[in-house]
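Engineer: This is the structure I have questions about; it appears just below.
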Amino acid sequence: MTKAGIAEDFPPLVVPSKRADFGDYQANGAMAAAKAMKEKPRDLAQRILDNLDLGEETDRLEIAGPGFINIHLNRAWLAEQLQTALGNERLGVDSEKPLQRVVIDYSSPNLAKEMHVGHLRSTIIGDTQARLLEFLGHEVIRQNHVGDWGTQFGMLIAQLEAHLEHGENAEFALQDLESFYKEAKTHFDADPDFANKARSYVVKLQSGDERVLSLWKRFRQVSLHHSEIIYDKLNVSLSPEDVRGESFYNDDLPRVVSDLAEQGLLEEDQGAKVVFLQELADKEGNPSVAIIQKQDGGYLYSTSDLAGVRFRVGTLKADRIMIFVDARQSLHLKQVFTIARKAGFAPHSVSLEHHPFGTMLGEDGKPFKTRQGGTVKLADLLDEAVERAEKIIAAKDPDLDADERKVVARKVGIGAVKYADLSKTRTNDYVFNWDAMLSFEGNTAPYLQYAYTRIQSIFRKAGVDPSSLDKALIIEADAEKSLVIKCLQFGEVLEQVAEDAYPHVLCNYLYDLASLFMRFYEACPILKEGVDPALRDSRLRLSFAVAETMRVGLDILGIEVMERM
Ligand code: ARG
C-alpha cells in the first residue's frame, strides 16, 4: 500500500470474505485511506493492485463494490500449505509470539464449602486457557488459589474436633461439606461456649498451634479431595501440586504490610491500615479504598492476593499472570493490581490480567439453583449430565455395547456441559439448558463429537489409515477449497484466543469447520464408485485434516472425542 502512496498507518484490513464469490479474503483498507487522501476509493484500490507483485499464494485480485479488493488464493499453494501442516504434530501451528511463562490462577474454590456451579466456569475456562497456551509452546504454571484460611476455619475445625471425639473419622464427618458447614454454623450461633472455642481456634491456627493446625490439615485434605474428584470427572488438568492457596501466603502478610508502609502507600483509617487509590476513584472523585489489615490485626483477601502477585512475579518468574474469577471480583482485582504496580511488586513488563465471566442462570433467568432454592453441587450436576447423555445415546444407538456406552456417555455428558459454557461469550451471563446442550444439532459438543465419529466411520468404510495417505491434496470443488482454507485458519484462531481468553471464538471456529465439512461431504463424493483414486485419497486426506483439527481443538477445550457413538 505504501507503494501506492498510502501512509503507513493505514492497515490493509484483510478479513475472510463473507461469500465465496467475493473471493477467499477481502482487503478493505482502501476505503479509509481514500477518504483521508480525498481520492476515489476505486481509483486508489486500482493503484494498489497496479503496485502489487502477486506471490504464488494468490491467483488473482479484483476490485468490487465501493473499493473492496477481493483476493482469490491459489489452490495448489493452499493444498501445499495443508499438506505441510498435516505432516506436523501441532498441525503446523507455530506461535509467532515470543514464548512466555504464564501463571494461570483458576478454579480456586473455597475449601470451607463444597464446589458448586459457581466454580464451574472458572475451572473450565481457565483449564482451556492453560491447555491452549501449552499447546502453543508457552510454559504454563497452574495455580489453584484455594480459600483455605480465614476465620471460618476456626468454627469448622472446632466442629470437626467434636465429630472426631465421637469416634468418627474425618472422611465420614466431611462427606457432605455443605451440610457440615450448616451444622457448624448452627452450633456456632446456638452455643456460646462453642463459639468462643471456635474464635480461640482462629487465633491458635494463626499462631501455629500444632494440634489445631493438624485438625486444619485434616479438614483441608478431605475438602481438597472432594475437588479432585470433580476435576477428574471434568477432565480438568489441575493436579494436587497446583494447589497453592491463601494459607501459603500467611507468613508473608506482615511483610506485605511493612513494604506498603515503606513505600508510603499505607494510611490509617478508623484503626485499619488501608490504601487509598485515587486512580480508581468513583464519579464524585472519592478514592477507592483497599483494606490491607483490619483494626484487630487480621489480614484480608487483598493482602494474600498482593503476596500472591509478588510470589508469582518474584519466585515463579511469570511474564503474564491470568486470573479467572467471576466479574464480581473485578474491583478487588483492580485494586490488587494497582497496588502491586505502585509498590513495585510487579514491573510493567509483567502483564496482570483478570478475565472475568458472568453468572450461570437457571431457566427462570435467575442464578442457577436447585428446585428447593439451594446451591447446586457441581458433583450432582455432572452426574446428571452423564445419566442424561446415556439415555440419549442408548436411544440413538441401541447396538452399542454397555461398556462402550458408558464411556461415550461420560464424554458426551461432560463435553456437553463444558461446551455449553465455553461456547458462550465469557463476559455474559448464560442460561443453563439441558436439552440445548445435549442436542445433536447446532453448536453443541454432541454435534461436534458426532461429526468427528462420522469422519472416522468414513475411514473404517474405506479400510484405510488416513495418516498413511501422503499423496498430494487436490482442490477441485469450491467446497474443498473453503474447507482447506478453514483448516488453515486454525493457528490464527488459537493465537486470538491465547491473547483474549475468549474460548467461544475457538468453539465457533470448530462449529464452522464441522458445518463446512458436512457441506463438502454432500458435494464431494469420496467412496462412491467412479471417483478417481487420486481424488478419493485426497478427499480422505482432507477429511483427516478436518478430523485432526477437531480432535486437537476439542482437546484444548478439554473435551474428548470417540471413534463411534
Ligand atoms: N477463592 C476465591 C473464591 O472462591 C477465588 C480466588 C481467585 N483467585 C485469586 N487470586 N483471588 O471466590
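For the C-alpha cells, the naming scheme is as follows: chains receive sequential letters (A, B, ...) according to their order of presentation, residues are indexed from 1 within each chain, and ligands are indexed from 1 in presentation order.
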Could you pull out the residues sitting within 9 Å of ligand 1, using only C-alpha atoms and all ligand atoms, and write them as JSON, numbers by chain?
Structural biologist: {"A": [105, 106, 107, 108, 109, 110, 111, 118, 119, 122, 143, 144, 145, 146, 147, 148, 245, 246, 301, 302, 304, 305, 306, 308, 309, 323, 324, 325, 326, 329, 332, 333]}
Engineer: Could you list, as a list in words, every residue within 9 Å of region 32-48 of chain A, counting only C-alpha atoms and ignoring same-chain residues fewer than 3 positions away?
Structural biologist: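 Near region 32-48 of chain A, the qualifying residues are Met1, Thr2, Lys3, Ala4, Gly5, Ile6, Ala7, Phe10, Pro11, Asn28, Gly29, Asn51, Leu52, Glu62, Ile63, Ala64, Gly65, Pro66, Gly67, Phe68 and Ile69 of chain A.
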Engineer: Keeping only all heavy atoms, write the selected residues to a file as a compact mmCIF listing (two decimals), in the first residue's frame.
Structural biologist:
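Result written to result-v5.txt:
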# COMPACT_ATOMS: atom_id res chain seq x y z
N MET A 1 0.83 -1.21 0.00
CA MET A 1 0.00 0.00 0.00
C MET A 1 0.86 1.25 0.00
O MET A 1 0.47 2.27 -0.57
CB MET A 1 -0.94 0.00 1.22
CG MET A 1 -2.08 -1.01 1.03
SD MET A 1 -3.19 -1.21 2.44
CE MET A 1 -3.97 0.37 2.59
N THR A 2 2.03 1.15 0.66
CA THR A 2 2.90 2.33 0.66
C THR A 2 3.35 2.66 -0.77
O THR A 2 3.49 3.84 -1.10
CB THR A 2 4.14 2.10 1.53
OG1 THR A 2 4.66 0.80 1.25
CG2 THR A 2 3.82 2.20 3.00
N LYS A 3 3.52 1.62 -1.58
CA LYS A 3 3.92 1.87 -2.97
C LYS A 3 2.86 2.66 -3.73
O LYS A 3 3.15 3.34 -4.71
CB LYS A 3 4.16 0.54 -3.70
CG LYS A 3 5.52 -0.07 -3.37
CD LYS A 3 5.87 -1.10 -4.44
CE LYS A 3 6.83 -2.13 -3.90
NZ LYS A 3 6.59 -3.45 -4.50
N ALA A 4 1.61 2.53 -3.27
CA ALA A 4 0.53 3.28 -3.91
C ALA A 4 0.41 4.68 -3.30
O ALA A 4 -0.56 5.38 -3.54
CB ALA A 4 -0.77 2.52 -3.78
N GLY A 5 1.39 5.02 -2.46
CA GLY A 5 1.40 6.36 -1.88
C GLY A 5 0.54 6.50 -0.63
O GLY A 5 0.16 7.61 -0.26
N ILE A 6 0.24 5.39 0.02
CA ILE A 6 -0.62 5.44 1.21
C ILE A 6 0.25 5.44 2.46
O ILE A 6 1.22 4.68 2.56
CB ILE A 6 -1.58 4.23 1.24
CG1 ILE A 6 -2.46 4.25 -0.02
CG2 ILE A 6 -2.45 4.23 2.49
CD1 ILE A 6 -3.31 3.02 -0.20
N ALA A 7 -0.12 6.31 3.40
CA ALA A 7 0.67 6.40 4.64
C ALA A 7 0.64 5.07 5.40
O ALA A 7 -0.34 4.33 5.32
CB ALA A 7 0.11 7.52 5.52
N PHE A 10 -2.26 3.35 7.65
CA PHE A 10 -3.49 2.75 7.14
C PHE A 10 -3.28 1.26 6.88
O PHE A 10 -2.54 0.87 5.98
CB PHE A 10 -3.95 3.44 5.84
CG PHE A 10 -4.51 4.81 6.08
CD1 PHE A 10 -3.74 5.93 5.85
CD2 PHE A 10 -5.79 4.95 6.61
CE1 PHE A 10 -4.25 7.20 6.11
CE2 PHE A 10 -6.29 6.22 6.87
CZ PHE A 10 -5.52 7.34 6.62
N PRO A 11 -3.91 0.40 7.69
CA PRO A 11 -3.72 -1.05 7.51
C PRO A 11 -4.53 -1.57 6.34
O PRO A 11 -5.54 -0.97 5.96
CB PRO A 11 -4.25 -1.62 8.82
CG PRO A 11 -5.26 -0.63 9.31
CD PRO A 11 -4.83 0.72 8.79
N ASN A 28 -10.03 -4.48 2.89
CA ASN A 28 -10.99 -3.37 2.94
C ASN A 28 -10.35 -2.03 3.27
O ASN A 28 -11.04 -1.05 3.52
CB ASN A 28 -12.07 -3.68 3.99
CG ASN A 28 -12.84 -4.95 3.65
OD1 ASN A 28 -12.89 -5.34 2.47
ND2 ASN A 28 -13.41 -5.60 4.64
N GLY A 29 -9.02 -2.00 3.26
CA GLY A 29 -8.31 -0.82 3.76
C GLY A 29 -8.31 0.37 2.80
O GLY A 29 -8.06 1.50 3.21
N ASN A 51 0.45 -1.73 -8.14
CA ASN A 51 1.76 -1.73 -7.49
C ASN A 51 2.10 -3.04 -6.79
O ASN A 51 3.08 -3.12 -6.05
CB ASN A 51 1.81 -0.60 -6.46
CG ASN A 51 2.10 0.73 -7.14
OD1 ASN A 51 3.23 1.01 -7.53
ND2 ASN A 51 1.06 1.51 -7.33
N LEU A 52 1.23 -4.02 -6.98
CA LEU A 52 1.39 -5.26 -6.22
C LEU A 52 2.06 -6.34 -7.04
O LEU A 52 1.72 -6.55 -8.21
CB LEU A 52 -0.01 -5.72 -5.81
CG LEU A 52 -0.12 -6.47 -4.49
CD1 LEU A 52 0.25 -5.57 -3.34
CD2 LEU A 52 -1.56 -6.94 -4.32
N GLU A 62 -9.38 -8.68 -7.49
CA GLU A 62 -10.28 -7.83 -8.28
C GLU A 62 -10.92 -6.81 -7.36
O GLU A 62 -11.04 -7.03 -6.17
CB GLU A 62 -11.35 -8.70 -8.97
CG GLU A 62 -12.48 -9.13 -8.08
CD GLU A 62 -12.90 -10.57 -8.31
OE1 GLU A 62 -12.50 -11.16 -9.33
OE2 GLU A 62 -13.62 -11.11 -7.46
N ILE A 63 -11.30 -5.71 -7.98
CA ILE A 63 -11.92 -4.65 -7.20
C ILE A 63 -13.43 -4.84 -7.25
O ILE A 63 -13.99 -5.15 -8.30
CB ILE A 63 -11.54 -3.27 -7.76
CG1 ILE A 63 -10.01 -3.12 -7.66
CG2 ILE A 63 -12.22 -2.15 -6.99
CD1 ILE A 63 -9.46 -1.96 -8.43
N ALA A 64 -14.06 -4.67 -6.12
CA ALA A 64 -15.51 -4.87 -6.07
C ALA A 64 -16.14 -3.75 -5.26
O ALA A 64 -15.48 -3.14 -4.42
CB ALA A 64 -15.82 -6.22 -5.43
N GLY A 65 -17.42 -3.51 -5.55
CA GLY A 65 -18.21 -2.54 -4.78
C GLY A 65 -17.51 -1.20 -4.71
O GLY A 65 -16.85 -0.77 -5.65
N PRO A 66 -17.59 -0.53 -3.57
CA PRO A 66 -17.04 0.83 -3.45
C PRO A 66 -15.51 0.87 -3.42
O PRO A 66 -14.94 1.94 -3.46
CB PRO A 66 -17.60 1.31 -2.11
CG PRO A 66 -17.92 0.07 -1.35
CD PRO A 66 -18.33 -0.95 -2.37
N GLY A 67 -14.85 -0.28 -3.32
CA GLY A 67 -13.39 -0.24 -3.28
C GLY A 67 -12.79 -1.40 -2.49
O GLY A 67 -11.67 -1.32 -1.99
N PHE A 68 -13.57 -2.47 -2.34
CA PHE A 68 -13.03 -3.68 -1.72
C PHE A 68 -12.07 -4.34 -2.70
O PHE A 68 -12.26 -4.24 -3.91
CB PHE A 68 -14.14 -4.72 -1.45
CG PHE A 68 -15.24 -4.24 -0.58
CD1 PHE A 68 -16.51 -4.02 -1.09
CD2 PHE A 68 -15.03 -4.02 0.78
CE1 PHE A 68 -17.55 -3.58 -0.28
CE2 PHE A 68 -16.06 -3.59 1.60
CZ PHE A 68 -17.32 -3.36 1.07
N ILE A 69 -11.08 -5.01 -2.16
CA ILE A 69 -10.24 -5.83 -3.04
C ILE A 69 -10.45 -7.30 -2.69
O ILE A 69 -10.19 -7.72 -1.55
CB ILE A 69 -8.75 -5.45 -2.90
CG1 ILE A 69 -8.56 -3.98 -3.30
CG2 ILE A 69 -7.88 -6.36 -3.76
CD1 ILE A 69 -7.17 -3.45 -3.03
Engineer: Out of A:Phe459, A:Trp216, A:Phe368, A:Tyr419, which residue has the shortest atom-to-atom distance to Gly442 (chain A) when counting only C-alpha atoms?
Structural biologist: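 Residue with the minimum atom-to-atom distance to Gly442 (chain A): A:Tyr419.
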Engineer: Neighbours of Pro367 (chain A) within 10 Å (only C-alpha atoms; same-chain residues fewer than 5 positions away dropped), as a PDB file with C-alpha atoms, in the first residue's frame?
Structural biologist:
ATOM      1  CA  VAL A 117     -21.810 -24.449  39.923  1.00  0.00           C
ATOM      2  CA  GLY A 118     -20.214 -21.063  40.518  1.00  0.00           C
ATOM      3  CA  THR A 359     -23.151 -15.973  36.047  1.00  0.00           C
ATOM      4  CA  MET A 360     -24.752 -19.258  35.086  1.00  0.00           C
ATOM      5  CA  LEU A 361     -28.520 -18.763  35.209  1.00  0.00           C
ATOM      6  CA  GLY A 362     -31.442 -21.140  35.549  1.00  0.00           C
ATOM      7  CA  GLY A 373     -33.572 -22.909  46.089  1.00  0.00           C
ATOM      8  CA  THR A 375     -26.911 -24.169  45.597  1.00  0.00           C
ATOM      9  CA  ASP A 429     -24.459 -14.436  31.896  1.00  0.00           C
ATOM     10  CA  TYR A 430     -25.917 -17.551  30.300  1.00  0.00           C
ATOM     11  CA  VAL A 431     -28.912 -19.787  30.782  1.00  0.00           C
ATOM     12  CA  PHE A 432     -28.223 -23.406  31.615  1.00  0.00           C
TER      13      PHE A 432
END
Engineer: In Å, with one decimal, what is the gap from CA of Ala340 (chain A) to CA of Ala112 (chain A)?
Structural biologist: 27.8 Å
Engineer: As an NGL selection string, please: every residue in region 472-507 of chain A that a backbone DSSP assignment puts in alpha helix (DSSP H).
Structural biologist: :A and (478-488 or 490-500 or 504-507)
Engineer: Compile the contact shell of Ser543 (chain A) as a list in words: residues with an atom at most 8 Å away, counting only C-alpha atoms, same-chain residues fewer than 3 positions apart removed.
Structural biologist: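 Near neighbours after the sequence-gap exclusion: Ile455, Phe517, Arg539, Leu540, Val546 and Ala547 of chain A.
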Engineer: Next, the residues of the selection above should be written as a compact mmCIF listing (two decimals), in the first residue's frame with C-alpha atoms.
Structural biologist:
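What ended up in result28.txt:
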# COMPACT_ATOMS: atom_id res chain seq x y z
CA ILE A 455 -15.35 -38.91 9.63
CA PHE A 517 -17.20 -30.44 6.35
CA ARG A 539 -10.62 -36.25 -0.07
CA LEU A 540 -9.82 -38.81 2.59
CA VAL A 546 -10.64 -31.79 9.48
CA ALA A 547 -10.83 -34.64 12.00
Engineer: For Gly374 (chain A), please output as a VMD selection string all residues within 12 Å (counting only C-alpha atoms; exclusion window: fewer than 3 positions along the same chain).
Structural biologist: chain A and resid 116 to 117 178 to 179 367 to 371 377
Engineer: Counting only C-alpha atoms, what is within 12 Å of region 129-131 of chain A, bar same-chain residues fewer than 3 positions away, as JSON, numbers by chain?
Structural biologist: {"A": [101, 102, 103, 104, 105, 106, 107, 122, 123, 124, 125, 126, 134, 135, 136, 137, 138, 139, 140, 141, 142, 143, 235, 236, 237, 238, 321, 322, 323, 324, 355, 422, 494, 495, 496, 497, 498, 499, 500, 501, 502, 503, 504, 506, 552, 553, 554, 555, 556, 557, 558, 559]}
Engineer: Pick out the closest residue to Gly314 (chain A) from this set: A:Phe345, A:Val203, A:Leu280, A:Ile458. Count only C-alpha atoms.
Structural biologist: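 So, comparing all the options, the nearest one is A:Phe345.
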Engineer: Could you give me, as JSON, numbers by chain, the residues within 8 Å of region 560-565 of chain A, counting only C-alpha atoms and dropping anything in the same chain fewer than 4 positions from it?
Structural biologist: {"A": [393, 397, 400, 405, 408, 411, 415, 449, 450, 452, 453, 454, 456, 457, 551, 554, 555]}
Engineer: Please produce a file of those selected residues containing C-alpha atoms, as a short mmCIF file (atom, residue, chain, number, x, y, z; two decimals), in the first residue's frame.
Structural biologist:
data_model
loop_
_atom_site.label_atom_id
_atom_site.label_comp_id
_atom_site.auth_asym_id
_atom_site.auth_seq_id
_atom_site.Cartn_x
_atom_site.Cartn_y
_atom_site.Cartn_z
CA ILE A 393 -27.17 -42.47 23.36
CA ASP A 397 -27.65 -46.41 19.02
CA LEU A 400 -23.54 -50.02 21.26
CA ARG A 405 -21.93 -46.76 26.00
CA VAL A 408 -19.33 -42.46 25.37
CA LYS A 411 -17.53 -37.98 27.17
CA GLY A 415 -18.43 -32.47 26.99
CA GLN A 449 -18.31 -35.24 18.57
CA TYR A 450 -20.78 -36.78 16.17
CA TYR A 452 -15.87 -36.48 14.33
CA THR A 453 -17.25 -40.01 14.51
CA ARG A 454 -18.79 -39.59 11.03
CA GLN A 456 -13.88 -41.89 11.48
CA SER A 457 -16.58 -44.11 10.01
CA ARG A 551 -9.69 -33.51 17.80
CA LEU A 554 -11.74 -30.11 21.28
CA ASP A 555 -8.82 -31.37 23.32
#
Engineer: Among region 180-358 of chain A, which residues carry a DSSP assignment of strand (DSSP E or B), reported as a PDB file with C-alpha atoms, in the first residue's frame?
Structural biologist:
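Writing the result to selection-v1.pdb gives the following:
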ATOM      1  CA  VAL A 243      -2.763 -26.110  44.823  1.00  0.00           C
ATOM      2  CA  GLU A 267      -2.710   5.046  55.736  1.00  0.00           C
ATOM      3  CA  GLU A 268      -4.650   4.642  58.972  1.00  0.00           C
ATOM      4  CA  ASP A 269      -8.406   4.736  58.661  1.00  0.00           C
ATOM      5  CA  ALA A 272      -7.379  -0.176  59.970  1.00  0.00           C
ATOM      6  CA  LYS A 273      -4.440   0.029  57.574  1.00  0.00           C
ATOM      7  CA  VAL A 274      -5.677   0.944  54.127  1.00  0.00           C
ATOM      8  CA  VAL A 275      -4.500   2.114  50.715  1.00  0.00           C
ATOM      9  CA  PHE A 276      -6.415   4.953  49.060  1.00  0.00           C
ATOM     10  CA  LEU A 277      -6.436   4.684  45.299  1.00  0.00           C
ATOM     11  CA  SER A 288     -11.242   3.645  46.146  1.00  0.00           C
ATOM     12  CA  VAL A 289     -10.214   2.105  49.476  1.00  0.00           C
ATOM     13  CA  ALA A 290      -8.461  -1.232  49.861  1.00  0.00           C
ATOM     14  CA  ILE A 291      -8.209  -2.561  53.403  1.00  0.00           C
ATOM     15  CA  ILE A 292      -4.904  -4.326  53.967  1.00  0.00           C
ATOM     16  CA  GLN A 293      -5.043  -5.001  57.705  1.00  0.00           C
ATOM     17  CA  TYR A 299      -5.433  -9.689  57.187  1.00  0.00           C
ATOM     18  CA  ARG A 320       1.983 -12.996  32.367  1.00  0.00           C
ATOM     19  CA  ILE A 321      -0.498 -13.616  35.199  1.00  0.00           C
ATOM     20  CA  MET A 322      -4.068 -14.517  34.291  1.00  0.00           C
ATOM     21  CA  ILE A 323      -6.750 -14.822  36.953  1.00  0.00           C
ATOM     22  CA  SER A 351       1.072  -8.479  32.394  1.00  0.00           C
ATOM     23  CA  LEU A 352      -1.562  -8.668  35.161  1.00  0.00           C
ATOM     24  CA  GLU A 353      -4.911  -9.811  33.819  1.00  0.00           C
ATOM     25  CA  HIS A 354      -8.275 -10.516  35.344  1.00  0.00           C
TER      26      HIS A 354
END
Engineer: What is the distance, in Å and to one decimal place, between CA of His225 (chain A) and CA of Trp149 (chain A)?
Structural biologist: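 Taking CA of His225 (chain A) and CA of Trp149 (chain A), their separation equals 16.8 Å.
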Engineer: Report the distance between CA of Ser200 (chain A) and CA of Met155 (chain A) in Å, rounded to one decimal place.
Structural biologist: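 For CA of Ser200 (chain A) relative to CA of Met155 (chain A), the distance reads 9.4 Å.
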Engineer: Let me make sure I understand: among A:Ala534, A:Val202, A:Leu488, A:Ala379, which one has the smallest atom-to-atom distance to Glu476 (chain A) if we use only C-alpha atoms?
Structural biologist: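 That would be A:Ala534, the residue with the smallest distance to Glu476 (chain A).
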